[in-house]
Structures are given as structure tokens and as C-alpha cells.
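First comes the structure, then the notes that go with it.
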Protein chains: 2
Amino acid sequence: MATIYDIAKKANVSPMTVSRVVNNSGKISEKTREKVEKIIEELNYIPNNAARSLTLKQSKILSLVITDITNPFYTKVARGAEDKAKQMGYRLLLSNSDESFEKESEYVDMLISSGVDGVLMAPSGDESQKNLKTLIKNRIPFVLIDRHVKGIDCDLVMGDSYQGTRQLLEHLIGQGHSKIALINGPTNVSTAREREKAYFEILRLAGIEADKKLAANISYMQNDSYKFVKNLISLPESKRPTAIFAANNFIAINTIKSLRQLNVRVPEDIAVVCFDDPDPIPDFNPFLTIAAQPAYNFGYMGIQLLIERIEGNGPAEKQKVILPPEIIIRSSSLKK
Amino acid sequence: MATIYDIAKKANVSPMTVSRVVNNSGKISEKTREKVEKIIEELNYIPNNAARSLTLKQSKILSLVITDITNPFYTKVARGAEDKAKQMGYRLLLSNSDESFEKESEYVDMLISSGVDGVLMAPSGDESQKNLKTLIKNRIPFVLIDRHVKGIDCDLVMGDSYQGTRQLLEHLIGQGHSKIALINGPTNVSTAREREKAYFEILRLAGIEADKKLAANISYMQNDSYKFVKNLISLPESKRPTAIFAANNFIAINTIKSLRQLNVRVPEDIAVVCFDDPDPIPDFNPFLTIAAQPAYNFGYMGIQLLIERIEGNGPAEKQKVILPPEIIIRSSSLKK
DNA sequence: TATTTTTATGTTATGGGTAACATTTATAAT
DNA sequence: ATTATAAATGTTACCCATAACATAAAAATA
């Protein structure tokens, strides 16, 4: 592969002149520019990014750390991030943390050594603080999406868990439900924490006495709701919930699968609602009532904030972008 | 950021010794190893990949070029690719070509200058030949997934379009269908070509006279089947198809949406089958009858072949891995 | 024409790591 | 004790591009 020296020799100029032609920097006469450009073309020269990164200390590569690209929510985030990154001349490294702090740590080390210019991360939880501090120590800018992390002040793009929870619960309450269970993610994740807080608060405001036994925290990843669902179902009629609020799409799906196994019908016997669409294409299975978050924009705006931070042309203070959810009412919560 | 020289100075050894500790190469006494490792820990040293790439001429970065990360098929491919890449110590750059040759070209240029070690690509179509030749010229190894490209001999991992088509069609025929429409992708994509060929062949073998008017090619991306579906529906009863074979998941979904708009019920009025699951989680919407391809393995094995090629420890001849589909019969093709 | 200013180009050093070779130190063999 | 051998560590040069500084050539001004 041709280097800048090959070009220089053949064009009878110094490597520096070639560099200037390639980067369109400094002053070069039209004559030499043409001469050099011709030879660049001829030898099919493509700049060596590693060498460039080494001197310039920037790679034009960003990293996207999400928990699972298999979840349509993150899939849309990735798509938005990709589109914006490409538009701005950056490339995107993909990492799946699987909601695991350890895996996230491994990736963070890899990223630092890769010399990425910045990181867009959906943190695995509050322990991520450690990883983020590693990024800070290595002066790698980052933006958080979907979740914030205790003790870290940074740019972030997230949804409004309170509003989403409120809309979903008010809808259920409007449908006559008062025994509403919550199947939530782990409380070391900010969204889960906020949804839980909102859940109790909104029930209280609606004059419904929340039963702590109806709320559970399960892992977003293993996401095994069967045991808890079975417990719920076997409660005496007076205690048994008539609706379930699942913290996210995969929990909801899993919950519905558990219900099916237990021969409980949705929505006839029990209503189910959740955050985020489990389907990649909306309106194909118009079944689940959801608080749909603008996932594409999480990614798109996240990358935008990140690049502003990297290039230093944004506001000095950290930006917090809160994108509201849109409630979509479908049959999983409607009495037939 | 700490460099190998910082470590060396503090540990009172040469940078080379540090390098040897880091890479576990050459011989080092247990004593120095421990001493150096302690300081590496202390200073939080992380190797600089750019520098490494520059000398070693390898970046440990691979590129995944797919057409749309939003499609669960590619989502699973990406997941498999990611997992294998991580396991082998590589990172993955993500690119969405949107089935567009031009976009793919842009990405290929970007990739080359990024200095990726290899490319795993689902090509946009036969024109991709040009992009692949660019890769060859720059000596960047690549592996194709899902689709092959005319005139390019390389490692590849793909499904068995013939078998999948056969299984789907035989199932439909077994259900008593003889007027079966085909809504296919564009013929410059190998899978579409092969599915079309298989479609006509299998109908012929089954003694069914195929009606060319029942077959259409639409774009995988815009994927607007409405007009064609409407045409099908308005055919006289004697000609009207009783089943539709859609070439992929998104075409199938779109087709079903079109059918709904036209008040045609699936499967009561018309059966629909296709390749690949449109749902990220199987068994949640057990609706569509599909020929499910092992997408995760496309990615996983693709990366494996790619790394073998890169590291030169695989067989010299190009490998063609054909992964068979699994037919999953669900209600979209079953008479109630 | 001599001098200053501007424009165009070149030289040197550097970024962080490693291969290849050189040297020192420890261990084994005579 | 002496030499041969192996093990541990060090030195030097290079990978490729560019920033910072230096110089030569051309244009503008006195």
C-alpha cells in the first residue's frame, strides 16, 4: 500500500507537501497540487489511519455501547446513531454489554485502546460509574442514553419514565384496574428506579393502595418472570392483579409467554402494558399497549451531543435532553 | 495517558520489556513480570492501538456491512458477529448500506482508510462486485454473508434458498394450494434470484403450471407491495392466488399489512409464508409460517471464516458454508 | 535595484509500539 | 574453573503522517 513517501518521491516533492495536498491545508501552488493529485490517483493512495490517529490523536471512530442489539429498542438507537455518525464523517464501533458491568468494563478497555474519539453508552447500571470514570481519566468524551448513572454529571439523552409510567397507569386505571402489578428491571438501573418510584406515586395519587407484594425486580437480561407471574396468578382473587405493568418490551413479552403457559389470557384475564415496542415494525402486531420512546432519536441526538462535545463547539454545560414517550393503546389492555 | 515508556521508567526496565510483559511474548523473569504488572495496574496503562496498528499493520477492527440493522434477521447476524469478534479479540464497525450500492461504496472507502483488518458483508447486489474489487485491490480480506455476488469467488456463509423455498412451497401445496404468488426481492440479489428459480422449478415438479403474472420483484428496502397485492386480489377467482410466498420477513409483513387494508384475511382468505422471522423473539407472535435461517450463525461463522482468512490459518481454498433453514409452520398458512 | 513581505516548499522531531538484533546475566556442561 | 548454552533484558530503527520550525522562491514595495 502506497504511503505518502512513495507519492513524494514519485512527484519529486517532500512528504509534507503531499500531506498538505491530501488534507487541503497550508498553501500549495496549483501546479504541484495537480501533479501530486495525479500520482495519488495513480498509486491508489489511501491515507493510513493508524499513523494519522497516532499524531492527531483522533480516530474519527465513535463507540456505541448498548446492552443488546437484539432488542428492537436498541436496534433503533443504533440505527439513529449510525445515521448521524455517518453524516458527520464518523464511524461506529458496536458493543453489546448484555447488561453486565464486567462485559461493559472489558469493552471500555478495548475502546480506550482503540482510541475512539467518544462513546455513546447505555450504561448497564449504577456500577457503570467506575467505567465512566475510566473514560474520564482517559479524557474520552461520552454521552449517556436511556439511563443516567448516579454520581456522573454528563450529557445525556433519555426518556421520561415518569410521564410514560403515568400515562400507562392512568390508562389502566381508566380501564377499571386497581390491582396493578409491576414487573420491573433491577433498581441499579435508573429507568427501573424511576419507573418504580412513579408507579408507587401515581397509584397513591389515584387513591390506590399499592401492595408491595405486587412489585418485583427481575434482570433485564435473564428476564425470567415465570416464577413471579405464577405467584401473582395463585394469589386469592381479592389480591390477584388484573393488570401488569412491565418495565420494558422484553419483560412484557416474557410475561405474556409465562401467562400463556399458565393458561391466563391477555387481555381477558389480565391486561399487560409496558415501555417500548417489541416489534421492529409498528402496526404489524397491534397487540401491546406501550409507552413508545423515540429510540431512533436517542441514538441520533446522542451522537450529535457527543460530536459537539468532541469537537468542542457545543455549550460548555452538560446537556440533558429528555424525550417524551408516546402512549399507544392496543388490545393487550383493552376489555373486549 | 500512560505509555509504555512511562511504565518502563517507573519500573526501571526498558520499554521493550514492558512490551513483552503486555504481550506475553519472549522470556521475562517472574520477578520483573510482577514488578511491571504492578506498575501497569498502578498507572492504569492501556496500550495504544494506533501505535500498535502502525507497526503490526493490523488494527483488530473488522467491519460488518449489512443492509439494515433494523431488520431482526440482520440484528441476529450482527449479534453473532459481535460475539465471535469479541471472543477473538476483535472489534466491529457497523455499517448500514440500505440496499444501496452507492451507500455501500461510501462505506467501503471509509473502511479502507480506517484500516480495518477485514470485512463481513451482506452485499447490496451484484453491482457490489465493484466494491469488492476495491477491497481486493487494497488487500482487505472479506467474507460474504447471506448473498453471493456474480463474478466474485470468496468465502461465504449463506442459507439454502432452494431448500427453504421447497419446504415452504411443499407445505403450501400440501395444504391444497395451487395458485401461489411470489413477492420477491430484486433479481440483482442472489437470494432473490435463487428463490425465484426454485419457485418455478418446484411448482413445475409438483405439476403446477406457474403463472408469471403471479410473480413480482419489489425492492427489499422500499418494499411497497400494495399495488401488486391489490392486483392479485382483483384477479378473477379462477386466477386469484390462495397463497403468497414472500421472499423475506419485511416483504411478508408489508404484504400482510396490504392485505389487511384490502380486507383480505390471513390465513382464511389467503395464506402467507416467507423466509426469516420478523420478530426478535420467537414464539411471541406465533403467526407467520417461515423458513427460519440461522442468522446468528451467519454472523458468527462469517467472522470465524474472516478471521481465519486474516490470520492465514484456514484452508487456502475459499470456503462456502451453506446453512439449511428450518421450516416453522404457524397459523399464517394453516386452514382453521 | 535593494529590501520587505508573502507564498511555497522542505527538514526535523515526534507520536507509541515492536521486530530484529545485541548484550548481559544466569545456568548447565566439560 | 572454564566454556558453552540458555535466559533475560536492552538498543536501534522503523511503521506513516503531521506539527512546528526553517528556508527558498516569488511578488510587492521602497
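Going through the C-alpha cells in order, the chains are called A, B, and so on, while each chain numbers its residues from 1 and the ligands are numbered from 1 in the order shown.
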
Per residue of chain D within 9 Å of chain A, note the shortest atom pair and the distance in Å to one decimal, counting only C-alpha atoms (C1' of nucleotides), and order the rows by chain and increasing residue number, as a Markdown table.
```
| residue | atom | partner | partner_atom | distance |
| --- | --- | --- | --- | --- |
| D:DC15 | C1' | A:Ala51 | CA | 8.1 |
| D:DC16 | C1' | A:Ala51 | CA | 4.9 |
| D:DA17 | C1' | A:Arg52 | CA | 5.4 |
| D:DT18 | C1' | A:Thr55 | CA | 6.5 |
| D:DA19 | C1' | A:Thr55 | CA | 8.8 |
```

Within 12 Å of range 25-27 of chain D, counting only C-alpha atoms (C1' of nucleotides), which residues qualify if same-chain residues fewer than 4 places away don't, as a ChimeraX atom specification?
/A:29 /C:4-9

For the residues selected in the previous step, produce a file with C-alpha atoms (C1' of nucleotides) as an mmCIF file, in the first residue's frame.
```
data_model
loop_
_atom_site.group_PDB
_atom_site.id
_atom_site.type_symbol
_atom_site.label_atom_id
_atom_site.label_comp_id
_atom_site.auth_asym_id
_atom_site.auth_seq_id
_atom_site.Cartn_x
_atom_site.Cartn_y
_atom_site.Cartn_z
ATOM 1 C CA SER A 29 0.690 26.041 -5.945
ATOM 2 C "C1'" DT C 4 10.452 43.628 2.691
ATOM 3 C "C1'" DT C 5 6.573 40.632 2.596
ATOM 4 C "C1'" DT C 6 4.154 36.771 1.046
ATOM 5 C "C1'" DT C 7 3.861 32.276 -0.777
ATOM 6 C "C1'" DA C 8 5.576 27.739 -1.485
ATOM 7 C "C1'" DT C 9 8.187 24.083 -0.082
#
```

If you superpose chain B onto chain A over the full set of Cα atoms in sequence order, what number do you get for the RMSD in Å?
1.1 Å

Residue contacts of DT27 in chain C (10 Å, only C-alpha atoms (C1' of nucleotides)) excluding same-chain residues fewer than 5 positions away, as a PyMOL selection string
chain D and resi 5-7

Filtering to C-alpha atoms (C1' of nucleotides), could you give me those residues as a JSON list (two decimals), in the first residue's frame?
```json
[["chain", "number", "residue", "atom", "x", "y", "z"],
["D", 5, "DT", "C1'", 24.27, -22.62, 26.32],
["D", 6, "DA", "C1'", 20.10, -20.66, 27.57],
["D", 7, "DA", "C1'", 17.50, -16.97, 29.60]]
```

Residues within 10 Å of DT11 in chain D, only C-alpha atoms (C1' of nucleotides), excluding chain neighbours under 6 positions, as a compact mmCIF listing (two decimals) with N, CA, C and O atoms (P, O5', C5', C4', C3', O3' and C1' of nucleotides), in the first residue's frame:
```txt
# COMPACT_ATOMS: atom_id res chain seq x y z
N SER B 14 13.51 -1.57 30.37
CA SER B 14 13.38 -0.95 29.05
C SER B 14 11.94 -1.08 28.55
O SER B 14 11.22 -1.98 28.96
N MET B 16 10.93 -2.19 25.92
CA MET B 16 10.77 -3.49 25.27
C MET B 16 10.32 -4.54 26.28
O MET B 16 9.47 -5.38 25.97
P DC C 21 17.79 -9.76 12.13
O5' DC C 21 18.96 -9.22 13.07
C5' DC C 21 19.33 -7.84 13.00
C4' DC C 21 19.88 -7.42 14.34
C3' DC C 21 21.02 -8.30 14.86
O3' DC C 21 22.20 -7.52 14.91
C1' DC C 21 19.50 -7.70 16.57
P DA C 22 23.50 -8.11 15.65
O5' DA C 22 23.35 -7.47 17.10
C5' DA C 22 23.29 -6.05 17.25
C4' DA C 22 23.60 -5.71 18.70
C3' DA C 22 24.82 -6.43 19.25
O3' DA C 22 25.52 -5.53 20.10
C1' DA C 22 22.92 -7.00 20.52
P DT C 23 26.88 -5.94 20.79
O5' DT C 23 26.45 -6.16 22.30
C5' DT C 23 25.80 -5.10 23.01
C4' DT C 23 25.26 -5.66 24.30
C3' DT C 23 26.31 -6.35 25.19
O3' DT C 23 26.37 -5.63 26.41
C1' DT C 23 24.31 -7.60 25.06
```

Please build the interface table for chain B against chain A with a cut-off of 7 Å, listing for each qualifying residue the nearest atom pair and the distance in Å to one decimal; count only C-alpha atoms, order rows by chain and increasing number, and write it as JSON lines.
```
{"residue": "B:Met1", "atom": "CA", "partner": "A:Asn138", "partner_atom": "CA", "distance": 6.1}
{"residue": "B:Ile46", "atom": "CA", "partner": "A:Ser113", "partner_atom": "CA", "distance": 5.8}
{"residue": "B:Pro47", "atom": "CA", "partner": "A:Ser113", "partner_atom": "CA", "distance": 5.5}
{"residue": "B:Asn48", "atom": "CA", "partner": "A:Ser113", "partner_atom": "CA", "distance": 5.0}
{"residue": "B:Asn49", "atom": "CA", "partner": "A:Ser114", "partner_atom": "CA", "distance": 5.1}
{"residue": "B:Ala50", "atom": "CA", "partner": "A:Ala50", "partner_atom": "CA", "distance": 4.6}
{"residue": "B:Ala51", "atom": "CA", "partner": "A:Leu54", "partner_atom": "CA", "distance": 6.1}
{"residue": "B:Ser53", "atom": "CA", "partner": "A:Ala50", "partner_atom": "CA", "distance": 5.9}
{"residue": "B:Leu54", "atom": "CA", "partner": "A:Ala50", "partner_atom": "CA", "distance": 5.5}
{"residue": "B:Ile69", "atom": "CA", "partner": "A:Thr75", "partner_atom": "CA", "distance": 6.5}
{"residue": "B:Thr70", "atom": "CA", "partner": "A:Thr75", "partner_atom": "CA", "distance": 5.7}
{"residue": "B:Asn71", "atom": "CA", "partner": "A:Pro280", "partner_atom": "CA", "distance": 6.9}
{"residue": "B:Thr75", "atom": "CA", "partner": "A:Thr70", "partner_atom": "CA", "distance": 5.7}
{"residue": "B:Lys76", "atom": "CA", "partner": "A:Thr70", "partner_atom": "CA", "distance": 6.4}
{"residue": "B:Arg79", "atom": "CA", "partner": "A:Ile69", "partner_atom": "CA", "distance": 6.6}
{"residue": "B:Leu92", "atom": "CA", "partner": "A:Leu93", "partner_atom": "CA", "distance": 5.5}
{"residue": "B:Leu93", "atom": "CA", "partner": "A:Leu93", "partner_atom": "CA", "distance": 4.4}
{"residue": "B:Leu94", "atom": "CA", "partner": "A:Leu92", "partner_atom": "CA", "distance": 5.8}
{"residue": "B:Ser113", "atom": "CA", "partner": "A:Asn49", "partner_atom": "CA", "distance": 5.9}
{"residue": "B:Ser114", "atom": "CA", "partner": "A:Asn49", "partner_atom": "CA", "distance": 5.4}
{"residue": "B:Gly115", "atom": "CA", "partner": "A:Asn49", "partner_atom": "CA", "distance": 6.3}
{"residue": "B:Ile253", "atom": "CA", "partner": "A:Phe284", "partner_atom": "CA", "distance": 6.7}
{"residue": "B:Lys257", "atom": "CA", "partner": "A:Phe284", "partner_atom": "CA", "distance": 6.8}
{"residue": "B:Asp279", "atom": "CA", "partner": "A:Asp279", "partner_atom": "CA", "distance": 6.3}
{"residue": "B:Pro280", "atom": "CA", "partner": "A:Thr70", "partner_atom": "CA", "distance": 6.6}
{"residue": "B:Phe284", "atom": "CA", "partner": "A:Ile253", "partner_atom": "CA", "distance": 6.7}
```

All strand (DSSP E) residues (DSSP, backbone) inside range 124-323 of chain B, as a count of residues only
33
